Amino acid sequence: MTIEARIRELGNRHRSLDDTIQQEMRRPSADPIHLREMKQRKLRLKEEINSLEARAH
């Protein structure tokens with residue numbers, strides 16, 4: 001897999017996770033621990049994307 005393809009894949013996962021987080025936050029009984037875990041995963045994805053983009057340029 002090329003770096004560009006990996007960046008696209010991670011970007012898709014990042015957007016999907018963001019949508020899931022937004023949906024969860026709208027729920028009255030949102031689980032704060034689950035939300036924190038999802039936000040941490042989203043941050044790790046973003047960091048990996050940034051790292052790959054730095055290598056690609």
# chains A, B, ... in the order shown; residues from 1 in each chain; ligands from 1
>>> residues_around(residues="stretch 4-21 of chain A", least_positions_apart="5", cutoff="7 Å", atoms="only C-alpha atoms", output="MDAnalysis selection string")
chainID A and resid 35 38 42 45 49 52
>>> write_last_selection(atoms="C-alpha atoms", output="PDB file, in the first residue's frame")
ATOM      1  CA  LEU A  35     -16.263   8.980  24.404  1.00  0.00           C
ATOM      2  CA  MET A  38     -12.925   7.195  20.929  1.00  0.00           C
ATOM      3  CA  LYS A  42      -9.194   9.706  16.763  1.00  0.00           C
ATOM      4  CA  LEU A  45      -5.214   8.429  13.823  1.00  0.00           C
ATOM      5  CA  ILE A  49      -1.810  10.811   9.298  1.00  0.00           C
ATOM      6  CA  LEU A  52       2.777   9.920   7.054  1.00  0.00           C
TER       7      LEU A  52
END
>>> atom_distance(atom1="atom CA of A:Gln23", atom2="atom CA of A:Asn50")
25.3 Å
>>> closest_residue(among="A:Arg41, A:Arg55, A:Arg27, A:Lys46", to="A:Thr2", atoms="only C-alpha atoms")
A:Arg55
